[in-house]
Structures are given as structure tokens and as C-alpha cells.
Amino acid sequence: MKGLVRIMRLSAAFGVGAFLLALWAYGQLQGGGGSPLSPEILGVDLWPVIPADGSRTFGAVRFRDADGDIIQARFDVVEAVDFSPFSFNPKVKGQTSGSFPFFVFSRIPQKVRLRLTLLDEAGNQSLPVEFSFEAVTLITVLGKWGTHGTGEAQFNGISHLALDGRGNVYVTDFDLDRVQKFTGEGKFLMQWGGRGTGNGQLTGPLGIAVDYQGNVYVADAGNQRIQKFTESGAFLMKWGSLGTGEGQFGFPTGVATDPAGNVYVADKVNNRIQKFSPMGVLIARWGAFGQAESQFNSPNDIAVSNQGIVYVLDTGNGRVQKFMPDGSYLGQWGSLGDRDGQFQAPMGIAVDNHGFVYVADTGNDRIQKFSPDGAFIVKWGSLGAGDGQFDQPVDLAVDPEGVIYVAEAGNHRIQKIKFK
């Protein structure tokens with residue numbers, strides 16, 4: 001089966017409310033079947049445009065059935081280039097009305113038209129409903145670089161990246177204990193670090209950020225500290241130690257700077273955010289372990305908008321939380337899963353100049369883009385090594401033109417892409 005690999009078999013308890021708010025209903029009400037007990041399709045809700053990258057796009061079928069004995073949903077192909085018919089048991093036996101989910105995907109740009117029919121145990125079937133969608137190319141791959149190894153422009157444990165005001169790209173390598181610096185086109189410029197505890201040495205570096213003056217901050221996670229460097233890698237200062245007190249860390253993983261140069265650190269094991277001045281003086285801190293507002297479960301990364309709004313990637317809870325610069329709670333979105341707006345082990349977060357939020361949804365091998373308030377906008381990616389595919393995307397950064405740089409741990413590379 002080329003165009004469709006499998007159908008998600010989920011409980012009929014799946015709610016359709018979110019789809020009705022966000023999706024365009026393409027199914028047309030056709031009426032029931034030839035018998036009063038025949039199933040009836042009330043509508044099919046699906047995005048009219050899906051990415052042609054092999055990633056799954058969920059839809060929902062609304063139905064009515066007098067005797068509650070639907071056993072098969074059959075999707076026949078009316079129009080497509082590379083797509084196969086499919087059917088499955090929607091697991092709604094005993095239900096006389098409701099909805100059930102399905103998903104579709106395409107690996108090539110094409111228009112697809114499907115005909116849906118429901119069948120019951122007695123052999124009755126609904127009148128068919130036809131619906132359409134178009135698979136389109138949503139991104140352009142502008143470049144890529146990197147391979148597995150220990151040399152220049154090679155990676156062994158790529159973890160985080162950051163951009164400076166000149167468009168240069170800084171990449172941390174957790175396993176090689178170093179930072180590499182590239183041009184925006186991927187040309188290697190320099191590197192620094194090396195395993196150790198001395199000034200300028202690194203042990204398991206993770207998060208990295210560049211402030212408006214070009215200073216580079218690295219979350220030296222294994223040494224439980226933040227180090228500050230010039231844009232050429234010259235050591236400037238450091239702060240932090242292992243612990244739970246003010247200015248101490250329990251495996252710092254994410255770091256970001258705001259327009260004033262203040263430094264925010266995702267203190268992962270301590271389940272909190274700490275905010276420092278550019279000289280390492282503690283300004284604020286917030287958070288504790290939990291699932292409630294302003295609580296965290298292994299926060300992995302952090303991003304700050306041009307307006308100073310702080311977005312925390314609350315990885316263990318599968319969500320993004322939004323705060324004022326002083327830690328005042330503003331909102332949240334996301335949950336664990338693989339549907340639009342859901343996450344599996346997300347590792348990286350970024351904000352562009354317009355306030356849009358991008359998440360490296362690592363476990364789902366994709367990028368998701370949201371409005372500043374968390375409304376889902378678009379997604380891209382599926383598992384693979386081709387252009388526009390990802391294998392464990394762990395971090396990303398966005399330049400002023402909206403070009404996105406993605407660090408992939410599985411493919412040991414950086415991809416440079418842009419949404420259309």
C-alpha cells in the first residue's frame with residue numbers, strides 16, 4: 001500500500017469537537033442506505049490541504065446508525081495518482097450516533113478524492129459520501145549540512161542551535177563537548193570547547209543562545225553551569241553549581257536571552273526556570289514539579305519573543321507554557337500524542353520576529369508552528385533522511401526572514417528550510 005500505510009484504530013470515545021472548530025467539512029450529507037437500519041454518514045471533517053511529506057493528517061467521520069452495528073468503514077479511491085483504497089473496523093459497535101477518527105497521508109503532491117461507505121453486520125450499507133483533499137509541498141529545503149563523525153562540520157550528539165545577528169549558526173554537540181560555528185549556508189567557521197571543567201571547557205553542552213551584542217551563552221549541563229563567550233569562543237565568565245538553591249542547577253538544558261540581554265535557563269531536574277542578568281545575577285525564578293499551571297515536568301527548552309514573552313517547552317507534560325518576563329502565567333497548549341497540536345518528547349522551541357512559535361516535536365519527527373497564543377497553524381515532517389524529512393529533530397531556530405534551521409540528532413545534520 002503506497003499512498004496510505006495504515007489506519008489509526010481508536011476508540012469511538014474520540015471527540016469531534018476540536019475538528020468541528022478547526023476543520024473544513026468536506027463530506028456532503030447523502031442520506032441513509034436502502035434499509036431503515038442502514039448506517040448513515042452525516043459528514044466527513046478533514047483539512048482540505050495536507051502536507052505531501054508522508055505525515056499523518058487526522059479526520060473524523062460523523063455517523064448515525066439505528067441499531068448500532070457498524071463494522072466497517074470503506075474508503076474507495078475516486079481520483080488519485082498514488083493512493084490505495086483501505087477499510088477498517090471503526091470500533092463503534094453499540095453506538096447509534098457519534099464519530100470516529102481516521103488519518104490519511106500522501107508522499108507526493110496530488111489531489112485525492114475518496115468515496116466513503118459504512119457497512120453493518122447485516123450487510124446493510126450507507127449511501128456513499130465523497131470528499132477531497134489536496135496534498136501540497138509546504139516547505140522549500142534551502143540547504144543542509146553535517147554527517148556523523150568527529151571532524152569539522154560533523155556531529156556525534158547534536159543537541160541545540162542558535163543564530164546571531166549576522167545569520168551565523170552555533171551548534172552544541174553533547175557527546176563531543178564542543179560548539180561549532182557556521183555561516184548561514186553551512187560553511188564551517190570555527191569550534192571551541194573540549195571536555196573538562198576549566199574555563200571554556202565543556203561537559204555535555206546543551207542549550208545555546210546569542211544576545212543582541214553577540215555574546216554566546218552555553219548551558220554546560222554536565223558541569224551544572226552557564227558559560228558566557230564572545231562570538232569567537234573566547235571565555236568571558238561562568239556561573240552556577242549543582243544544587244537546588246538560587247543560581248544553582250540540576251542539569252540546565254535550555255537557555256534563551258531577551259531583548260535586554262537577560263538570560264533564561266530551563267533548569268530541567270529542578271523543574272523550574274531561572275532568570276539572570278547578563279552578569280549572572282539572579283533576577284527571578286519560578287516553577288516546581290507537577291502538571292498544574294506554572295509547574296513543570298522536565299522542561300527542556302525555552303524561547304523569548306521580541307516582546308519579552310517567555311515560552312517554556314514543558315517536555316514531560318507534552319505542552320508549551322507561556323509567561324510574562326517575571327514568571328507570571330499567561331497560558332498553555334498541547335498534550336501528549338501525535339495529532340495536530342500534540343507532542344511526543346518535544347525537545348526544542350523557537351519564536352520568530354512576528355511572535356509565531358515553532359516546536360521541534362522530536363518523538364513525532366516533525367515541526368509544528370503555532371500562533372503566539374497556541375493556535376495550530378501548520379506542521380511538517382515524517383521519519384526519514386530525505387529533504388524535509390527528520391530523524392529526531394531536537395532543536396530549531398528562525399531567522400528574521402522566517403528561514404528555519406533544524407538540528408537533527410538521528411541524521412547528524414542541520415536542515416535549512418522555509419514554509420511557503
# chains A, B, ... in the order shown; residues from 1 in each chain; ligands from 1

call {"tool": "residues_around", "arguments": {"residues": "Ala303 in chain A", "least_positions_apart": "3", "cutoff": "12 Å", "atoms": "only C-alpha atoms", "output": "PDB file with C-alpha atoms, in the first residue's frame"}}
result
ATOM      1  CA  ALA A 162      21.243  29.354  17.889  1.00  0.00           C
ATOM      2  CA  GLY A 207      21.271  24.826  25.230  1.00  0.00           C
ATOM      3  CA  ILE A 208      22.859  27.790  23.476  1.00  0.00           C
ATOM      4  CA  ALA A 209      21.764  31.383  22.893  1.00  0.00           C
ATOM      5  CA  VAL A 210      23.233  34.581  21.446  1.00  0.00           C
ATOM      6  CA  GLY A 254      17.751  25.232  27.571  1.00  0.00           C
ATOM      7  CA  VAL A 255      18.926  28.835  27.506  1.00  0.00           C
ATOM      8  CA  ALA A 256      17.492  31.968  25.899  1.00  0.00           C
ATOM      9  CA  THR A 257      18.037  35.722  26.032  1.00  0.00           C
ATOM     10  CA  ASP A 258      15.533  38.566  25.928  1.00  0.00           C
ATOM     11  CA  PRO A 259      15.843  41.956  24.150  1.00  0.00           C
ATOM     12  CA  VAL A 263      19.364  35.120  30.374  1.00  0.00           C
ATOM     13  CA  TYR A 264      16.669  32.487  30.988  1.00  0.00           C
ATOM     14  CA  VAL A 265      17.626  28.917  31.838  1.00  0.00           C
ATOM     15  CA  ALA A 266      15.455  25.782  31.761  1.00  0.00           C
ATOM     16  CA  ILE A 273      13.029  28.474  35.159  1.00  0.00           C
ATOM     17  CA  PRO A 299      11.306  21.452  30.987  1.00  0.00           C
ATOM     18  CA  ASN A 300      13.821  21.050  28.182  1.00  0.00           C
ATOM     19  CA  ASN A 306      10.873  40.248  20.854  1.00  0.00           C
ATOM     20  CA  GLN A 307       8.178  41.485  23.239  1.00  0.00           C
ATOM     21  CA  GLY A 308       9.753  39.594  26.142  1.00  0.00           C
ATOM     22  CA  ILE A 309       7.119  36.848  26.335  1.00  0.00           C
ATOM     23  CA  VAL A 310       8.635  33.616  27.634  1.00  0.00           C
ATOM     24  CA  TYR A 311       7.673  30.231  26.152  1.00  0.00           C
ATOM     25  CA  VAL A 312       8.727  27.118  28.052  1.00  0.00           C
ATOM     26  CA  LEU A 313       8.735  23.677  26.464  1.00  0.00           C
ATOM     27  CA  ASP A 314       7.351  21.535  29.280  1.00  0.00           C
ATOM     28  CA  VAL A 320       4.081  24.730  25.966  1.00  0.00           C
ATOM     29  CA  GLN A 321       3.572  27.207  28.795  1.00  0.00           C
ATOM     30  CA  LYS A 322       3.591  30.967  28.262  1.00  0.00           C
ATOM     31  CA  PHE A 323       4.755  33.553  30.829  1.00  0.00           C
ATOM     32  CA  MET A 324       5.483  37.205  31.371  1.00  0.00           C
ATOM     33  CA  PRO A 325       9.160  38.102  31.918  1.00  0.00           C
ATOM     34  CA  MET A 347      12.962  18.971  22.706  1.00  0.00           C
ATOM     35  CA  GLY A 348      13.290  22.405  21.072  1.00  0.00           C
ATOM     36  CA  ILE A 349      11.296  25.627  20.802  1.00  0.00           C
ATOM     37  CA  ALA A 350      11.807  28.926  18.951  1.00  0.00           C
ATOM     38  CA  VAL A 351       9.946  32.196  18.327  1.00  0.00           C
ATOM     39  CA  ASP A 352      10.192  34.257  15.148  1.00  0.00           C
ATOM     40  CA  ASN A 353      10.106  38.044  14.787  1.00  0.00           C
ATOM     41  CA  GLY A 355       5.750  36.006  17.573  1.00  0.00           C
ATOM     42  CA  PHE A 356       4.930  32.687  15.926  1.00  0.00           C
ATOM     43  CA  VAL A 357       6.108  29.695  17.918  1.00  0.00           C
ATOM     44  CA  TYR A 358       7.862  26.655  16.427  1.00  0.00           C
ATOM     45  CA  VAL A 359       8.330  23.340  18.222  1.00  0.00           C
ATOM     46  CA  PRO A 372       1.557  33.364  19.767  1.00  0.00           C
ATOM     47  CA  ASP A 395      16.110  21.952  18.213  1.00  0.00           C
ATOM     48  CA  LEU A 396      15.411  24.770  15.784  1.00  0.00           C
ATOM     49  CA  ALA A 397      15.950  28.475  15.269  1.00  0.00           C
ATOM     50  CA  VAL A 398      14.274  31.020  12.979  1.00  0.00           C
TER      51      VAL A 398
END

call {"tool": "residues_around", "arguments": {"residues": "range 175-179 of chain A", "least_positions_apart": "3", "cutoff": "10 Å", "atoms": "only C-alpha atoms", "output": "PyMOL selection string"}}
result
chain A and resi 149-150+154-161+170-172+190-196+200-206+208+218+220+222+233

call {"tool": "write_last_selection", "arguments": {"atoms": "C-alpha atoms", "output": "PDB file, in the first residue's frame"}}
result
ATOM      1  CA  GLY A 149      31.738  11.944  12.908  1.00  0.00           C
ATOM      2  CA  THR A 150      34.190  13.983  14.930  1.00  0.00           C
ATOM      3  CA  GLN A 154      30.397  16.581  11.708  1.00  0.00           C
ATOM      4  CA  PHE A 155      28.258  15.709  14.707  1.00  0.00           C
ATOM      5  CA  ASN A 156      28.038  12.894  17.199  1.00  0.00           C
ATOM      6  CA  GLY A 157      25.457  14.195  19.645  1.00  0.00           C
ATOM      7  CA  ILE A 158      23.944  17.307  18.099  1.00  0.00           C
ATOM      8  CA  SER A 159      21.720  18.977  20.656  1.00  0.00           C
ATOM      9  CA  HIS A 160      20.880  22.683  20.318  1.00  0.00           C
ATOM     10  CA  LEU A 161      21.483  25.573  17.945  1.00  0.00           C
ATOM     11  CA  TYR A 170      26.070  27.965  16.523  1.00  0.00           C
ATOM     12  CA  VAL A 171      25.580  24.262  17.278  1.00  0.00           C
ATOM     13  CA  THR A 172      26.303  22.357  20.503  1.00  0.00           C
ATOM     14  CA  MET A 190      35.373  27.591  13.931  1.00  0.00           C
ATOM     15  CA  GLN A 191      34.842  25.484  17.040  1.00  0.00           C
ATOM     16  CA  TRP A 192      35.625  25.630  20.747  1.00  0.00           C
ATOM     17  CA  GLY A 193      35.240  23.613  23.910  1.00  0.00           C
ATOM     18  CA  GLY A 194      36.695  20.233  24.766  1.00  0.00           C
ATOM     19  CA  ARG A 195      35.818  18.002  27.695  1.00  0.00           C
ATOM     20  CA  GLY A 196      36.682  19.335  31.102  1.00  0.00           C
ATOM     21  CA  GLY A 200      35.943  27.399  28.302  1.00  0.00           C
ATOM     22  CA  GLN A 201      35.823  23.624  28.619  1.00  0.00           C
ATOM     23  CA  LEU A 202      32.505  21.792  28.368  1.00  0.00           C
ATOM     24  CA  THR A 203      30.950  18.584  29.619  1.00  0.00           C
ATOM     25  CA  GLY A 204      27.745  17.677  27.816  1.00  0.00           C
ATOM     26  CA  PRO A 205      26.773  21.114  26.464  1.00  0.00           C
ATOM     27  CA  LEU A 206      23.103  21.512  25.550  1.00  0.00           C
ATOM     28  CA  ILE A 208      22.859  27.790  23.476  1.00  0.00           C
ATOM     29  CA  VAL A 218      26.050  27.817  26.689  1.00  0.00           C
ATOM     30  CA  ASP A 220      27.190  23.429  30.246  1.00  0.00           C
ATOM     31  CA  GLY A 222      27.394  18.222  32.820  1.00  0.00           C
ATOM     32  CA  GLY A 233      34.574  31.478  21.501  1.00  0.00           C
TER      33      GLY A 233
END

call {"tool": "closest_residue", "arguments": {"among": "A:Gln368, A:Ser277, A:Asn411, A:Gln344", "to": "Trp145 in chain A", "atoms": "only C-alpha atoms"}}
result
A:Asn411

call {"tool": "residues_around", "arguments": {"residues": "Arg56 in chain A", "least_positions_apart": "4", "cutoff": "7 Å", "atoms": "only C-alpha atoms", "output": "VMD selection string"}}
result
chain A and resid 103 to 105

call {"tool": "write_last_selection", "arguments": {"atoms": "N, CA and C atoms", "output": "mmCIF file, in the first residue's frame"}}
result
data_model
loop_
_atom_site.group_PDB
_atom_site.id
_atom_site.type_symbol
_atom_site.label_atom_id
_atom_site.label_comp_id
_atom_site.auth_asym_id
_atom_site.auth_seq_id
_atom_site.Cartn_x
_atom_site.Cartn_y
_atom_site.Cartn_z
ATOM 1 N N PHE A 103 -6.997 8.632 9.557
ATOM 2 C CA PHE A 103 -5.990 9.540 9.064
ATOM 3 C C PHE A 103 -5.579 9.163 7.653
ATOM 4 N N VAL A 104 -5.084 10.157 6.938
ATOM 5 C CA VAL A 104 -4.602 9.973 5.566
ATOM 6 C C VAL A 104 -3.243 10.640 5.451
ATOM 7 N N PHE A 105 -2.487 10.229 4.472
ATOM 8 C CA PHE A 105 -1.266 10.927 4.136
ATOM 9 C C PHE A 105 -0.868 10.622 2.709
#

call {"tool": "closest_residue", "arguments": {"among": "A:Lys238, A:Lys187, A:Lys181, A:His412", "to": "Phe276 in chain A", "atoms": "only C-alpha atoms"}}
result
A:Lys238

call {"tool": "closest_residue", "arguments": {"among": "A:Lys91, A:Arg366, A:Lys228, A:Arg115", "to": "Asn199 in chain A", "atoms": "only C-alpha atoms"}}
result
A:Lys228
